[in-house]
Structure formats: C-alpha cells, structure tokens
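To keep things clear, I will list the structure first and then write my remarks on it.
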Number of protein chains: 4
Amino acid sequence: MPKRIDHGARREEVLAAAVRVFARKGFAASRIDDVAAEAGIAKGSVYLSFDSRDALLKAAFESYAALAADVLADLGSGPALDRLATLVRRIVAMLAAHPDHARVLVDLWASGQPLDMAAVYRDYRAVIENLLRQAREEGALRAGIGPEHAVVVVAAVEGCLLQWLVDPELPIADLAGPVIDVCVEGIRA
Amino acid sequence: MPKRIDHGARREEVLAAAVRVFARKGFAASRIDDVAAEAGIAKGSVYLSFDSRDALLKAAFESYAALAADVLADLGSGPALDRLATLVRRIVAMLAAHPDHARVLVDLWASGQPLDMAAVYRDYRAVIENLLRQAREEGALRAGIGPEHAVVVVAAVEGCLLQWLVDPELPIADLAGPVIDVCVEGIRA
Amino acid sequence: MPKRIDHGARREEVLAAAVRVFARKGFAASRIDDVAAEAGIAKGSVYLSFDSRDALLKAAFESYAALAADVLADLGSGPALDRLATLVRRIVAMLAAHPDHARVLVDLWASGQPLDMAAVYRDYRAVIENLLRQAREEGALRAGIGPEHAVVVVAAVEGCLLQWLVDPELPIADLAGPVIDVCVEGIRA
Amino acid sequence: MPKRIDHGARREEVLAAAVRVFARKGFAASRIDDVAAEAGIAKGSVYLSFDSRDALLKAAFESYAALAADVLADLGSGPALDRLATLVRRIVAMLAAHPDHARVLVDLWASGQPLDMAAVYRDYRAVIENLLRQAREEGALRAGIGPEHAVVVVAAVEGCLLQWLVDPELPIADLAGPVIDVCVEGIRA
DNA sequence: CATGAATGAGCTTTCATTCAT
DNA sequence: TATGAATGAAAGCTCATTCAT
C-alpha cells in the first residue's frame with residue numbers, strides 16, 4: 001500500500017466517509033468498522049486521522065459549523081430584509097445540497113456537551129438580529145417586530161430542517177419560499 | 001421490597017425515571033442501571049415493566065405523542081387565527097411544563113427506530129393546515145398565505161424548542177409571544 | 001387457594017410436570033417458570049416441593065432409577081436366557097411407555113457428577129452378569145461368552161434407546177426383537 | 001499478543017480448547033471465559049473464530065462427525081463380517097483415542113440444536129446394513145439375521161461408549177472384543 | 001504508514017431464588 | 001400454604017482502541 005502524501009486529504013476522506021455512514025445509520029449505530037469500510041481503509045487506519053469515535057462526530061460538527069458560517073458570511077448589500085431573504089434561501093440550499101451533513105445534525109443535537117451547538121445557533125441568531133436591527137433603522141420593519149424575533153426566523157428554518165429530517169418526504173428545497181413569505185414578508189412594515 | 005399491587009403504576013414510575021435519566025444524559029449514554037437507580041429498584045426489575053432498553057425509548061415516545069395529541073385537541077371556538085395563537089401558546093406551555101420529555105425529543109429524532117415521529121409532525125401540520133384553511137374562509141389571511149404555510153408555523157415552534165434544547169439558557173416559555181407575532185400576526189390580512 | 005393436604009402428592013405432580021417440560025425442551029432450556037406453568041402453579045410454589053432447579057433433575061433421575069429397578073427385579077423363573085429375553089423386552093417396553101422419562105435420560109447423562117448414573121448401569125450389568133453366570137451353569141451359553149459380556153447386552157439396549165432419542169423416527173418398541181436375536185439367541189450354545 | 005497469520009489454525013486451537021473444556025465440565029457449565037482461558041486468549045478473541053457459544057458446540061459436532069466418517073470409510077476387502085469386526089475395532093479405537101470428543105457426545109445428544117445427530121447414526125447404520133447385506137450374500141449370516149439388525153450393532157458400540165461416558169472406570173478400549181463376540185461372531189452362520 | 005488480530009471493559013438481558021403479603 | 005414481584009449475580013456478546021508486524 002502506497003504511503004500517504006497528504007495527511008489532511010486522507011483526513012477529509014475519512015471524515016466524508018464517516019458523515020455518509022452517520023447519515024445512513026445514525027451515529028449511535030455507526031461502528032468504526034463501518035466508517036473504515038466506507039472509506040476503503042482498515043479499521044486501525046481510522047485512528048491515524050482521528051483520535052476516537054467521538055472525534056469523528058466532533059469533526060462532523062466542525063465541518064457543518066464551517067458550512068453554516070460560510071452561508072452566514074457575506075450576504076451582499078441591499079435592504080436588510082432582502083439580505084434576510086437571501087440568507088434563508090442560502091441556508092435551505094446549503095442543507096439540500098448536503099443532505100448527509102444535515103442528517104448528522106440530529107446526532108449533533110442529541111450528543112451532549114462537548115459540541116458547542118449552542119454557539120452555532122447563537123452566532124446564527126446574532127447575524128439575524130443584526131439584519132433585523134438594520135431593517136428597523138431602514139424603517140422596513142412592522143411595528144412590534146425587532147431583533148428579539150431573530151430566534152423565530154432561525155426557528156422557522158431549523159424547524160423545516162427538522163421536519164425534513166424526521167420525514168424525508170417533505171421537500172426541504174421548496175421550503176425557502178414559504179419561510180420567506182412568513183418570516184420576511186410577514187414582518188415587513 | 002414488598003410486593004407491588006399495581007403493575008401499571010410501577011410501569012409509569014419506571015418510565016418517568018427513564019425519561020429523567022434520558023433527559024439528563026441522553027438516551028445513548030443512559031444505562032439500564034441508571035434507570036433502575038433513578039427508579040429506586042434493582043436493574044432486573046426494570047425488565048418486569050419493559051422488555052428492553054429500546055422499549056423504554058418507545059414508551060417515552062408514546063408518552064410524548066400523547067402529550068402532543070392532548071394539546072392539539074380541542075382548541076375551542078373563535079376566529080381560526082386566535083385558535084392558532086392558542087395552539088402555539090399551549091404547545092410552548094406544554095414543552096416548558098415537561099422539560100424532561102422535551103429533552104428526550106432529540107433522542108427520538110435521532111433514534112433510528114421505527115418510532116414514526118413523522119406521523120406526529122404530519123398530524124401537527126394537518127391541524128394547522130385546517131386552521132389556515134378556516135382563516136382563509138374567514139378572510140383573515142393575508143394574500144399569498146395558505147395551508148401550505150402550516151409547515152412554517154410548526155417549524156417556528158419546533159425550531160424554538162430545538163434552540164432551547166441545544167441552549168437551555170434560551171427562555172422557551174417566553175417564546176410563544178414572538179412566534180405568534182411572526183406566525184400569526186404576520187399572516188393576518 | 002385451598003391448602004394442600006398431601007405434600008407428597010403435590011411433589012409428584014410437580015415432578016411429573018418437570019419431566020414433561022425437560023422432555024420437551026431439554027433440561028438446559030427448561031425454566032422454573034415452564035415447570036410451574038406446566039404444573040399449573042406459581043413459580044415460587046415449585047420451591048415448596050423442591051429446593052432448587054437441580055433438585056428437580058435429581059428427582060427425575062431417582063424417578064427413572066426407580067422405574068429401572070422395578071424392571072430389573074423379579075424376572076420370574078425359567079432358563080436364564082429366557083429371563084434375559086424377558087428383561088430386554090421389559091426394559092424396551094418400559095422406555096416406550098415412558099418416553100418423557102426416556103428423553104430426560106440424555107440430560108441425566110450430560111449432567112455431570114452428583115447423579116450416580118454409573119451406579120444405575122453398574123446394577124444393570126450386575127443383574128445381567130448373574131443371568132449370564134446362571135446360563136453358563138445351565139450350559140446354555142456358547143463358548144467364549146460369559147458374564148463379561150453383560151456390558152454388551154446393556155449396551156445393545158441402551159444403544160437402541162440412544163438412537164431413538166436422537167432420531168425419534170426409529171421405532172423403539174420394535175427393537176426388542178432384534179436385540180434378543182443378537183444378544184440372547186446369538187450367545188446361546 | 002502478536003498478529004495471527006493463519007485464521008484457520010487459530011480456529012482449530014480454539015475449537016480444541018473448547019472441546020477440552022466441554023469434556024471437562026460439560027457444555028452447559030462451560031463459559032466462554034473458560035474456553036478463552038483454556039486457549040490462552042482473551043474472551044473477545046473467541047468471537048474472532050466463532051460467532052457464538054453455540055457455534056462452538058456445532059463445530060465440535062462437525063469435528064466429531066468428520067472423525068466418525070473417517071472411520072466408516074475404507075474398510076478394506078475380505079469377508080463382510082471380518083470388515084464388520086474391523087469397523088467395530090476402529091470405532092472403539094477412535095473413541096478411546098479421542099476421549100474429549102467422546103465426552104462431548106453426551107452434550108451433542110442433549111443439545112436441542114439442529115445438529116443432526118440423527119444423520120450421523122443413519123449413515124452409521126447404512127454402512128453396517130450394507131455389510132450385513134453382503135454377509136448375507138456370502139452366506140455368512142445365521143438364519144434370522146439381516147440388515148435390520150444393523151441398529152443392534154450400532155447400539156452395542158454406542159451403548160458401550162455411553163456406559164464408559166457415564167462411568168469412566170469402564171475400560172472402553174477393551175470392549176471391542178466382547179462386542180465382536182456378540183455382534184459379529186454371534187450372527188455368523 | 002497501514003493493517004487487522006487481539007484485547008477487555010462494559011453493557012444488556014436472563015433467571016434461579018427469596019420473601020413480604 | 002401459595003404467590004409472583006423483586007432481586008442481583010452471571011454470562012454472552014460487542015466494539016473502541018491498541019500495537020506488533
């Protein structure tokens with residue numbers, strides 16, 4: 001077997017395999033053997049890239065967090081509520097484009113502490129709070145709506161994700177529109 | 001330990017203990033020993049009430065589903081959107097009143113087992129679709145909003161729940177208001 | 001529930017139930033619950049008649065040993081080889097008449113020490129050695145045959161039993177004839 | 001512990017250890033731990049070679065069946081009854097040479113599992129039926145004796161085995177002679 | 001580096017036995 | 001006496017992790 005040139009690349013391959021496996025059977029039912037088989041390497045070799053089974057889940061988390069951070073960054077210019085609509089569309093598109101990562105989210109939610117999911121949602125809300133603050137300054141916001149409603153916008157998107165995860169029949173990709181109808185158009189002045 | 005008279009009552013006690021344990025450490029990390037200790041009985045005695053560890057999770061699911069069904073039933077009379085607001089308030093109140101059951105939800109979402117969470121959300125959406133249909137008939141609905149936005153309303157509530165589960169700092173009990181602001185008032189004609 | 005008058009009778013009932021259960025599923029797979037259910041009493045009540053699960057097997061052994069002893073006793077009068085033939089017929093008839101007891105024999109054979117199966121076969125051989133000794137005195141025995149062939153006669157019968165136990169298709173009841181052909185007629189002078 | 005090259009060899013070692021343990025304490029009382037200790041490996045390692053405890057018993061059965069098949073094959077030429085005598089001698093020699101395998105036989109008899117001991121004895125009888133048929137054609141058989149007496153010959157051997165298993169004092173190795181006296185010489189014309 | 005045999009802690013589940021009623 | 005809920009010691013099996021090759 002040839003020696004590995006790029007440790008990082010192998011790590012990515014293994015992680016990708018792990019995410020596929022976790023998505024397929026759930027983290028709890030996923031064995032290191034499964035991940036190794038999916039990656040096409042030996043069980044022990046998984047440990048060359050990751051310290052433990054939990055480290056794989058942590059990496060999957062970080063991988064998702066990076067995806068999410070990408071989406072949250074650089075929303076362009078224009079009216080704040082337009083940027084909010086763009087944000088919603090992008091998140092939904094991202095989830096639909098990475099169904100395996102999305103599926104792993106339930107395991108991340110369920111996995112106790114050491115994964116700072118709270119921070120992910122805190123950042124998420126912070127971005128939207130900012131948009132709402134700007135929309136308020138632009139006078140674009142209906143009375144009674146303010147940054148404190150960011151949690152509801154996040155909820156609408158993540159709640160759609162959740163329903164899709166629980167019931168794959170639900171067409172996640174088509175849900176950006178309805179969410180925007182309610183959470184963007186519904187709060188417009 | 002004395003003889004039990006009521007098998008059903010003991011079953012409820014064990015289930016309640018299990019739900020507390022699952023809420024505290026997550027289902028994956030919960031041992032039958034933990035449940036037994038929490039219930040104050042011997043490990044083997046858990047099996048007098050439940051066939052297996054998985055059966056405990058299933059029972060927790062059913063227990064939650066019953067709670068949810070209660071909330072969905074009997075929304076009173078009055079304008080449909082008022083009933084929708086009531087529904088949202090009730091669900092949030094129910095979740096806040098049963099934080100342990102709520103915490104177990106992530107395990108139910110993550111559980112690969114045949115728990116039919118999908119049906120729970122399907123029923124949930126169906127109730128709201130009806131309310132939206134009635135609101136439409138009452139002429140209470142803004143243009144562009146219809147039964148197909150039920151998924152967003154469910155999402156807003158479940159998404160708040162999710163954020164709370166992931167970050168217990170978030171005051172779930174205070175979130176009914178914001179959700180109603182957006183998802184009820186925001187869709188009003 | 002009425003109180004028991006006759007402890008011994010209840011003991012017999014339980015033992016009979018146990019023998020049926022052991023015959024049906026083998027001792028290893030037989031649970032105290034099974035025996036209790038078969039006897040129509042509660043699990044704990046089995047312990048009123050027997051000290052332990054092993055005690056049931058021991059009792060089954062003693063029960064069989066008594067059956068066997070009965071057959072060996074009182075073979076009537078007449079030429080020794082005729083009595084030997086009678087003995088063989090009786091043993092086979094006894095086994096065929098008590099298939100449950102017979103089936104339990106394999107568990108008795110397999111069950112290690114504290115059951116003195118060795119003594120049963122020792123007694124068995126002793127009786128036949130006596131018959132062969134008498135046959136010899138009667139001049140009824142072929143040259144080269146003597147009391148030391150008792151083990152073979154016992155073997156022929158028990159070997160038939162064994163084949164029947166392993167393969168219930170085999171008609172045990174019809175096997176006395178062939179055994180006598182070989183083991184009685186075959187050793188006649 | 002170093003890496004194993006030959007999986008099959010390790011399997012044989014574990015099986016041999018298992019047979020020794022089963023012979024010593026009986027299958028019912030044999031723990032996987034015991035087998036592992038006897039084999040000098042860790043408990044979990046037993047499962048690298050065998051799927052379950054029952055699989056060990058099945059393998060022991062197959063191992064014995066192979067031994068038995070060897071003995072039944074290739075009885076040489078010569079008069080059928082001489083070959084029958086050879087067969088008896090060989091079986092007894094085989095049993096005496098493999099006392100552990102022989103001891104496990106009672107567990108195989110008692111095992112409720114689908115081990116098809118019946119087939120072993122069926123084959124066994126078929127071989128002897130053939131020999132008796134040939135003896136008949138050779139005119140070597142006493143009147144009244146025929147292939148239907150094969151069961152008795154098998155019984156005589158297996159019955160000796162049984163008595164030895166139940167009472168190890170009995171000198172199995174010396175029993176071929178008496179069996180032949182009765183079951184071969186006794187049926188000769 | 002890569003491998004996969006070996007390990008053994010840990011977990012679920014079973015069930016003989018006890019004993020309060 | 002009769003009951004069966006309660007117990008808890010066992011035991012089978014799994015699988016993350018290690019490490020000799």
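Going by the structure tokens order, chains are called A, B, ..., each with residues numbered from 1, while ligands are numbered from 1 in the order shown.
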
Check which residues of chain E sit at most 9 Å from chain F using only C-alpha atoms (C1' of nucleotides), and return one row each with the closest pair of atoms and their distance in Å to one decimal, ordered by chain and rising number, as a tab-separated table.
residue	atom	partner	partner_atom	distance
E:DT3	C1'	F:DT21	C1'	8.6
E:DA6	C1'	F:DT18	C1'	8.7
E:DT7	C1'	F:DT18	C1'	8.2
E:DC11	C1'	F:DT14	C1'	8.6
E:DT14	C1'	F:DA10	C1'	8.9
E:DT17	C1'	F:DT7	C1'	8.8
E:DT18	C1'	F:DT7	C1'	8.1
E:DT21	C1'	F:DT3	C1'	8.6

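Least-squares superposition of chain B onto chain D, taking every C-alpha atom paired in order, leaves an RMSD of 0.1 Å.
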
Exercise for review: Pick out the residues sitting within 12 Å of Arg83 (chain D), and hand them over as an MDAnalysis selection string; count only C-alpha atoms (C1' of nucleotides), and ignore anything fewer than 5 positions along from it in its own chain.
Suggested key: chainID D and resid 71:78 88:90 127:128 130:132 134:135 180 184

Got time to write the residues from that selection, N, CA and C atoms, as a PDB file, in the first residue's frame?
ATOM      1  N   VAL D  71     -13.735 -43.081   9.991  1.00  0.00           N
ATOM      2  CA  VAL D  71     -13.692 -44.464  10.450  1.00  0.00           C
ATOM      3  C   VAL D  71     -14.574 -45.346   9.578  1.00  0.00           C
ATOM      4  N   LEU D  72     -15.691 -44.801   9.148  1.00  0.00           N
ATOM      5  CA  LEU D  72     -16.641 -45.597   8.370  1.00  0.00           C
ATOM      6  C   LEU D  72     -16.149 -45.844   6.947  1.00  0.00           C
ATOM      7  N   ALA D  73     -15.269 -44.956   6.479  1.00  0.00           N
ATOM      8  CA  ALA D  73     -14.809 -45.088   5.095  1.00  0.00           C
ATOM      9  C   ALA D  73     -13.703 -46.135   5.000  1.00  0.00           C
ATOM     10  N   ASP D  74     -13.648 -46.805   3.837  1.00  0.00           N
ATOM     11  CA  ASP D  74     -12.495 -47.658   3.539  1.00  0.00           C
ATOM     12  C   ASP D  74     -12.255 -48.753   4.567  1.00  0.00           C
ATOM     13  N   LEU D  75     -13.100 -49.764   4.527  1.00  0.00           N
ATOM     14  CA  LEU D  75     -12.947 -50.862   5.483  1.00  0.00           C
ATOM     15  C   LEU D  75     -12.120 -52.000   4.911  1.00  0.00           C
ATOM     16  N   GLY D  76     -11.509 -51.746   3.781  1.00  0.00           N
ATOM     17  CA  GLY D  76     -10.682 -52.790   3.176  1.00  0.00           C
ATOM     18  C   GLY D  76     -11.538 -53.859   2.507  1.00  0.00           C
ATOM     19  N   SER D  77     -10.908 -54.975   2.165  1.00  0.00           N
ATOM     20  CA  SER D  77     -11.653 -56.040   1.496  1.00  0.00           C
ATOM     21  C   SER D  77     -11.745 -57.233   2.442  1.00  0.00           C
ATOM     22  N   GLY D  78     -12.168 -58.339   1.907  1.00  0.00           N
ATOM     23  CA  GLY D  78     -12.310 -59.518   2.745  1.00  0.00           C
ATOM     24  C   GLY D  78     -13.768 -59.763   3.059  1.00  0.00           C
ATOM     25  N   VAL D  88     -15.877 -52.256  14.013  1.00  0.00           N
ATOM     26  CA  VAL D  88     -16.103 -52.136  15.459  1.00  0.00           C
ATOM     27  C   VAL D  88     -14.803 -51.780  16.162  1.00  0.00           C
ATOM     28  N   ARG D  89     -13.753 -52.485  15.811  1.00  0.00           N
ATOM     29  CA  ARG D  89     -12.460 -52.209  16.451  1.00  0.00           C
ATOM     30  C   ARG D  89     -12.022 -50.772  16.204  1.00  0.00           C
ATOM     31  N   ARG D  90     -12.206 -50.335  14.994  1.00  0.00           N
ATOM     32  CA  ARG D  90     -11.775 -48.977  14.657  1.00  0.00           C
ATOM     33  C   ARG D  90     -12.569 -47.909  15.399  1.00  0.00           C
ATOM     34  N   VAL D 127     -24.009 -48.060   6.664  1.00  0.00           N
ATOM     35  CA  VAL D 127     -22.766 -48.780   6.380  1.00  0.00           C
ATOM     36  C   VAL D 127     -22.875 -50.212   6.873  1.00  0.00           C
ATOM     37  N   ILE D 128     -23.401 -50.361   8.066  1.00  0.00           N
ATOM     38  CA  ILE D 128     -23.479 -51.709   8.644  1.00  0.00           C
ATOM     39  C   ILE D 128     -24.555 -52.537   7.945  1.00  0.00           C
ATOM     40  N   ASN D 130     -25.185 -52.409   4.890  1.00  0.00           N
ATOM     41  CA  ASN D 130     -24.513 -52.891   3.686  1.00  0.00           C
ATOM     42  C   ASN D 130     -23.646 -54.108   3.970  1.00  0.00           C
ATOM     43  N   LEU D 131     -22.897 -54.010   5.051  1.00  0.00           N
ATOM     44  CA  LEU D 131     -22.042 -55.134   5.410  1.00  0.00           C
ATOM     45  C   LEU D 131     -22.878 -56.382   5.680  1.00  0.00           C
ATOM     46  N   LEU D 132     -24.005 -56.199   6.354  1.00  0.00           N
ATOM     47  CA  LEU D 132     -24.852 -57.355   6.661  1.00  0.00           C
ATOM     48  C   LEU D 132     -25.456 -57.928   5.382  1.00  0.00           C
ATOM     49  N   GLN D 134     -24.094 -57.856   2.449  1.00  0.00           N
ATOM     50  CA  GLN D 134     -23.024 -58.600   1.780  1.00  0.00           C
ATOM     51  C   GLN D 134     -22.755 -59.928   2.490  1.00  0.00           C
ATOM     52  N   ALA D 135     -22.780 -59.866   3.814  1.00  0.00           N
ATOM     53  CA  ALA D 135     -22.559 -61.101   4.577  1.00  0.00           C
ATOM     54  C   ALA D 135     -23.644 -62.116   4.223  1.00  0.00           C
ATOM     55  N   ILE D 180     -17.568 -57.695  19.525  1.00  0.00           N
ATOM     56  CA  ILE D 180     -17.412 -58.548  18.344  1.00  0.00           C
ATOM     57  C   ILE D 180     -17.874 -59.971  18.653  1.00  0.00           C
ATOM     58  N   VAL D 184     -20.712 -59.894  16.085  1.00  0.00           N
ATOM     59  CA  VAL D 184     -20.175 -60.415  14.835  1.00  0.00           C
ATOM     60  C   VAL D 184     -20.177 -61.942  14.874  1.00  0.00           C
TER      61      VAL D 184
END

Point to revise | Distance query Ala59 (chain C) at most 9 Å, only C-alpha atoms (C1' of nucleotides), self and fewer than 4 positions along chain excluded, as a PyMOL selection string | key: chain C and resi 15+50+54-55+63-64

Please determine the contact residues of chain E with respect to chain A at a cut-off of 8 Å, counting only C-alpha atoms (C1' of nucleotides), and supply them as a PDB file with C-alpha atoms (C1' of nucleotides), in the first residue's frame.
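For reference, iface-v7.pdb as written:
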ATOM      1  C1'  DC E   1       2.226   4.472   7.194  1.00  0.00           C
ATOM      2  C1'  DA E   2      -1.186   0.776   7.098  1.00  0.00           C
ATOM      3  C1'  DT E   3      -3.088  -3.190   8.891  1.00  0.00           C
ATOM      4  C1'  DG E   4      -6.378  -6.121  11.428  1.00  0.00           C
TER       5       DG E   4
END

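Near region 163-169 of chain B, within 9 Å and counting only C-alpha atoms (C1' of nucleotides), sit Trp109, Ala110, Gly112, Asp116, Met117, Ala118, Ala119, Tyr121, Arg122, Val151, Val154, Ala155 and Glu158 of chain A; Pro99, Ala102, Arg103, Leu105 and Val106 of chain B; same-chain residues fewer than 6 positions away were not included.
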
Can you build me a table of chain A residues sitting at most 10 Å from chain F, with the closest atom pair per residue and its distance in Å to one decimal, using only C-alpha atoms (C1' of nucleotides), sorted by chain and residue number, as a tab-separated table?
residue	atom	partner	partner_atom	distance
A:Arg31	CA	F:DC15	C1'	7.6
A:Ile32	CA	F:DA16	C1'	7.7
A:Asp33	CA	F:DC15	C1'	9.0
A:Gly44	CA	F:DT17	C1'	8.6
A:Tyr47	CA	F:DT17	C1'	8.7
A:Asp51	CA	F:DT17	C1'	9.5
A:Ser52	CA	F:DA16	C1'	7.8
A:Arg53	CA	F:DA16	C1'	7.4

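Here CA of Arg188 (chain C) stands at a distance of 21.8 Å from CA of Asp174 (chain C).
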
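Going from CA of Asp70 (chain C) over to CA of Val92 (chain C), you cover 13.1 Å.
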
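Every protein or nucleic acid residue with an atom no more than 9 Å from Glu129 (chain B), counting only C-alpha atoms (C1' of nucleotides) and leaving out same-chain residues fewer than 5 positions away, appears here: Tyr124, Gln134, Gly146, Pro147, Glu148, His149, Ala150 and Val151 of chain B.
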
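Interatomic distance, CA of Leu57 (chain D) to CA of Val35 (chain D): 11.6 Å.
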
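Candidate residues C:Gly139, C:Gly8, C:Gly26, C:Pro79 were compared for distance to chain D, and the nearest is C:Gly26, using only C-alpha atoms.
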
Exercise for review: Apply DSSP to the backbone of this structure and, from region 36-149 of chain B, keep only the residues in alpha helix (DSSP H); write these as a VMD selection string.
Suggested key: chain B and resid 36 to 39 43 to 49 53 to 72 80 to 97 99 to 110 117 to 137
